[in-house]
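Enquirer: Below is the structure I would like to discuss, written out as structure tokens.
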Amino acid sequence: MRRLRPWIALVALAACAQPDAVIVSVPPAPPPPAPGPARWSDATTWPGGILPLAGADVTIPADKTILLDVATPALNKVVINGTLTAATDRDVALTARNVWILGSLRAGTEASHDLYKFTLTLTGADSGASNASIGDKVLAVFGGGSLELHGDTRLGWTRIAATAPAGSSSLLLSEPMSWRSGDRLVVASTDYDPGQAEEVVVANATSTSVTLQSGLRFSHWGTLQTIAGHSVDERAEVALLTRNITIQGDSAVSSSGFGGHTIVLAGGTAHIEGVTFLRMGQSGHLARYPMHWHMANDVSGQYIRDASIWKTNNRCLTVHGSDNAIAQRNVCYDHLGHGYFLEDGSESGNTFDHNLGLTSRTPSVALRLIPSDATPATFWITNPDNNFRNNAAAGSVGFGFWFALPAAPTGLSVGQSDLPRITPLRQFSDNVAHSNRQPGLNVDNGPKLDLTPETTNYNPRVGAVAGGAVATGYFQNFTGWKHSGRAVWIRGTGLRLDGATLSDNQQGATFANGDIIFQNSFVAGESGNLTTAPNPSFPIRGYEFYDGTNGASNVTFANFIPRTGRPASALGYNRSDGFPISQFNFATGLQLMNANAVYLDNPGATQDGDKASLFVDTDGSVTGTAGNSVVNNNPFLITPTCTFRTEWNSWICPNRYDGLSISSDNGGAVAPLSIVRDDAASVSLAGVPGNLASAQVSILPGRNYAINWAGAAPDKPHVTFQRASVSDWIRVSFPYANGPFNVLRDGSSTALPLAVSLADLDASQGDRYYWDAAAQRIYAKIWVRSGRTSSTIQVVPH
């Protein structure tokens, strides 16, 4: 049965009830369409029907949405309590001295990036207000405010697919890119010199190639190499600098250094993608950066990605007192001071993924915000509890990645509970550094409270508990090339450089302190990317021993070929070293492909570390015999069983070596001193640099050693036989004419008895000493007892 519509049925029913009346019922009209946003260009949008004029202050009320559909005049302050949305069907621009967001500023959405160009220009000279509150010439997001900038999502950077020689006007790209005519790009240096990065402009483009408006000034390497079966990637990065949303400082910035700055405060929200930040940052002013989360606490879900931040006057991206931000696929180019910047050491949980940085500039002394800006890092990392993966530091006058860990947070974060120097490493993987004048990866030199750098040991512990279990930190799959010094410098304990690829560096990796291992890695001394080294006579080496115990395990070294006037080797020691080393430093599981294995410099006269330098070939992969030691060219370490290798400038010895430490308990000088072995081999020691109360050297166990002071005998000499095995022994003697004394052993307060003769002493296990009254000389046999790896004798006057 066909049913009548309800309103027809009502009419029919009414007609039956009242035959004399004609009743017509009409359906209700639909509601009127919601009014669209008010347009900036419409005079009725504004009080008094007058469009904002140049220099005006503009406030958008909390209950109002305005569509920006024009280019505004240069305004003074724009306060957005409601919503300001950029039109998507035309180019629009907002120019003002200050823009404060308490409501929402929107250009595009996460779902739709289909807008033309939106340009926000911050204007004005430094009025002095920049040091107060949020400053001047600012795009500020206050609590409750939101900044939604969603520009085009074109990929921002890739690598070239073929070498582009100087003069070439085309680039082949390693993956499809949506670049087009008029885009401005930057091509990274593939030389030791970071200054060989250069800007270019696209004339024409396909998905995998670009034709340039003019030829390149420098050659840029673009060939993926295979060396000894390992892939070596030294291809130049090339990056997009132009986007359809631009946040910029005015043109006066170029001479003044006073650019705009963007700051997101606690409670504010920022979602930024596909944006160019140009001429931003205010040189010499703290907290005035191109983009900056400032003391914003937990910013989970907030991000900046696919942005190009360039020609800055103060850093690129700063995360300050803020956690869980995401920085992804950004480009930081031509920046003053540090680039990507974790400010205080309280920042954690942030993710830096697939970001590129290149061409740092050193601020003048007057403009350095912190002392470390003298050697700016592309990535300055003050807390290891963050994620760094797939990033590239592609050319700095300073460092690439600098783990500058304070003991506790600095600046505005003083008092926070973080302990960066013992905090476990969250993630550092698949990062690349090249063409840096300082190490590409530097784990050392953290700031003190006054922000001056100091020697820093990174010792990660479970739960960041002092003295707790070691939380081994893995720096994974790092790639470092074309460093005019070291690619990697790490100081600390419980750390691993794992899966690295290092090539074309003057020095590959050097580790200070102990329990740091270079493992599962590949090192090439030279590749096909031949460029002029900054110091062509410098002895290149792949891995340097230093301090210890440290070592190299399962590492392949290739193409370390000595040349006339330039030694080269897979392994070496940190040169001109005056500090103690570990006799347990080791190499194991090494492969040497077209590589000289070792080169050790002749020891310097005042460099005790050089004189002690050696390492153990644990499995024979260096010398051919497991357990051999490779020792420097110091007669004090040599015996007739050793064999000299000319190309190594070193000796292969079947001997095992222990350590000897001589110190003074009351701080008196022990150095300079000399030691003569029982076969007349001798060594002179200058003492630990800056501490003449200590001297150390490598020795052979089971031998007799005569110690002679160059000056007066110390009152409380302390002699330690260390890194030894149970039942190892040495006999030492030294002059002592300082009156009555006791000799103590291994920290005991009980004095040792006097031996009746040297023969009696030699027959003992170190439980007595001998006094030669005529020669005024103490003799002691230092014997390592069960359960120990060292033994000590101490002279105490009474």
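FYI, nothing fancy with the structure tokens labels: chains A, B, ... in order, residues from 1 per chain, ligands from 1 as they appear.
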Skipping near chain neighbours, those fewer than 6 positions away, what residues fall within 6 Å of segment 131-141 of chain A using only C-alpha atoms, listed as a list in words?

Expert: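 Counting only the stated atoms, we get Arg97, Asn98, Val99, Trp100, Ile101, Leu122, Gly260, His261, Thr262, Ile263, Val264 and Gly268 of chain A.
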
Enquirer: Near Tyr543 of chain A, counting only C-alpha atoms, which residues have an atom at most 6 Å away, once you skip same-chain residues fewer than 5 positions from it, shown as a PyMOL selection string?

Expert: chain A and resi 508-509+571

Enquirer: Could you list, as number ranges by chain, every residue within 8 Å of segment 475-481 of chain A, counting only C-alpha atoms and ignoring same-chain residues fewer than 5 positions away?

Expert: A: 234, 427-435, 440, 487-488, 495-505

Enquirer: Find the residues around Leu53 of chain A up to 9 Å (only C-alpha atoms counted), leave out those fewer than 5 positions away in its own chain, and share them as an MDAnalysis selection string.

Expert: chainID A and resid 72:75

Enquirer: I need the residue nearest Ala287 of chain A from this list: A:Ile272, A:Val331, A:Val58, A:Leu369. Use only C-alpha atoms for the distance.

Expert: A:Leu369

Enquirer: Could you pull the residues within 10 Å of Gly144 of chain A, counting only C-alpha atoms, minus those fewer than 3 positions along the same chain, as a list of chain:residue names?

Expert: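 In the requested format, the answer is A:Asn81, A:Ile101, A:Leu102, A:Gly103, A:Ser104, A:Val141, A:Leu265, A:Ala266, A:Gly267, A:Gly268, A:Thr269.
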
Enquirer: Between atom CA of Tyr340 of chain A and atom CA of Gly357 of chain A, what is the spacing in Å?

Expert: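 Straight-line distance from atom CA of Gly357 of chain A to atom CA of Tyr340 of chain A works out to 8.1 Å.
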
Enquirer: I need the residues in segment 269-443 of chain A that are strand (DSSP E or B) according to DSSP; give them as a ChimeraX atom specification.

Expert: /A:269-273,275-278,280,282,291-298,303-305,308-310,317-323,326-328,331-336,340-342,351-353,356-361,377-381,387-389,392-393,399-403,427-429,432-434,441-443

Enquirer: Considering only C-alpha atoms, return as an mmCIF file with all heavy atoms, in the first residue's frame whatever protein or nucleic-acid residues lie within 9 Å of Pro635 of chain A, sequence-local ones (same chain, fewer than 2 positions apart) excluded.

Expert:
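File produced: out26.cif:
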```cif
data_model
loop_
_atom_site.group_PDB
_atom_site.id
_atom_site.type_symbol
_atom_site.label_atom_id
_atom_site.label_comp_id
_atom_site.auth_asym_id
_atom_site.auth_seq_id
_atom_site.Cartn_x
_atom_site.Cartn_y
_atom_site.Cartn_z
ATOM 1 N N ASN A 632 105.224 0.585 21.139
ATOM 2 C CA ASN A 632 105.882 1.712 20.474
ATOM 3 C C ASN A 632 107.403 1.537 20.505
ATOM 4 O O ASN A 632 107.947 0.678 21.211
ATOM 5 C CB ASN A 632 105.459 3.025 21.126
ATOM 6 C CG ASN A 632 106.141 3.268 22.459
ATOM 7 O OD1 ASN A 632 107.240 3.816 22.524
ATOM 8 N ND2 ASN A 632 105.492 2.836 23.543
ATOM 9 N N ASN A 633 108.068 2.371 19.754
ATOM 10 C CA ASN A 633 109.517 2.255 19.581
ATOM 11 C C ASN A 633 110.247 2.879 20.770
ATOM 12 O O ASN A 633 110.939 3.887 20.658
ATOM 13 C CB ASN A 633 109.921 2.934 18.273
ATOM 14 C CG ASN A 633 111.345 2.618 17.871
ATOM 15 O OD1 ASN A 633 111.955 1.695 18.392
ATOM 16 N ND2 ASN A 633 111.880 3.398 16.946
ATOM 17 N N LEU A 637 110.496 -0.843 26.597
ATOM 18 C CA LEU A 637 109.471 -1.872 26.470
ATOM 19 C C LEU A 637 109.936 -3.072 25.656
ATOM 20 O O LEU A 637 109.188 -4.052 25.514
ATOM 21 C CB LEU A 637 108.213 -1.284 25.817
ATOM 22 C CG LEU A 637 107.571 -0.095 26.529
ATOM 23 C CD1 LEU A 637 106.313 0.341 25.793
ATOM 24 C CD2 LEU A 637 107.248 -0.432 27.976
ATOM 25 N N ILE A 638 111.130 -3.006 25.116
ATOM 26 C CA ILE A 638 111.587 -4.008 24.162
ATOM 27 C C ILE A 638 112.458 -5.055 24.848
ATOM 28 O O ILE A 638 113.234 -4.751 25.761
ATOM 29 C CB ILE A 638 112.382 -3.335 23.019
ATOM 30 C CG1 ILE A 638 111.586 -2.167 22.429
ATOM 31 C CG2 ILE A 638 112.749 -4.347 21.939
ATOM 32 C CD1 ILE A 638 110.191 -2.511 22.022
ATOM 33 N N THR A 639 112.322 -6.303 24.400
ATOM 34 C CA THR A 639 113.202 -7.388 24.818
ATOM 35 C C THR A 639 113.731 -8.080 23.562
ATOM 36 O O THR A 639 113.229 -7.843 22.456
ATOM 37 C CB THR A 639 112.445 -8.408 25.688
ATOM 38 O OG1 THR A 639 111.489 -9.103 24.872
ATOM 39 C CG2 THR A 639 111.727 -7.730 26.841
ATOM 40 N N ALA A 681 117.913 -1.122 30.313
ATOM 41 C CA ALA A 681 116.949 -0.334 29.534
ATOM 42 C C ALA A 681 116.301 0.689 30.460
ATOM 43 O O ALA A 681 115.948 0.378 31.605
ATOM 44 C CB ALA A 681 115.900 -1.241 28.918
ATOM 45 N N SER A 682 116.133 1.911 29.970
ATOM 46 C CA SER A 682 115.645 2.975 30.857
ATOM 47 C C SER A 682 114.624 3.851 30.153
ATOM 48 O O SER A 682 114.508 3.863 28.923
ATOM 49 C CB SER A 682 116.818 3.837 31.337
ATOM 50 O OG SER A 682 117.394 4.525 30.239
ATOM 51 N N VAL A 683 113.902 4.602 30.972
ATOM 52 C CA VAL A 683 112.934 5.564 30.462
ATOM 53 C C VAL A 683 112.900 6.752 31.414
ATOM 54 O O VAL A 683 113.049 6.601 32.628
ATOM 55 C CB VAL A 683 111.528 4.933 30.338
ATOM 56 C CG1 VAL A 683 110.940 4.573 31.690
ATOM 57 C CG2 VAL A 683 110.563 5.858 29.593
#
```

Enquirer: What does the distance from atom CA of Gln302 of chain A to atom CA of Gly446 of chain A come to in Å, to one decimal?

Expert: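 Between atom CA of Gln302 of chain A and atom CA of Gly446 of chain A the gap works out to 28.1 Å.
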
Enquirer: Nearest residue to Val676 of chain A out of A:Trp709, A:Tyr458, A:Phe644, A:Phe615, using only C-alpha atoms?

Expert: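 Looking only at the distances to Val676 of chain A, the closest residue turns out to be A:Trp709.
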
Enquirer: Which one of A:Val795, A:Asp728, A:Pro52, A:Ser629 sits closest to Leu752 of chain A if you count only C-alpha atoms?

Expert: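 The shortest atom-to-atom distance to Leu752 of chain A comes from A:Val795.
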
Enquirer: If I take atom CA of Gly485 of chain A and atom CA of Gln506 of chain A, how far is one from the other in Å, to one decimal?

Expert: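 Answer for the atom CA of Gly485 of chain A to atom CA of Gln506 of chain A separation: 5.2 Å.
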
Enquirer: Name the closest residue to Asn559 of chain A among the candidates A:Pro603, A:Leu115, A:Ile227, A:Asp233; distances are taken between atoms, counting only C-alpha atoms.

Expert: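 Using only C-alpha atoms, the shortest distance to Asn559 of chain A belongs to A:Ile227.
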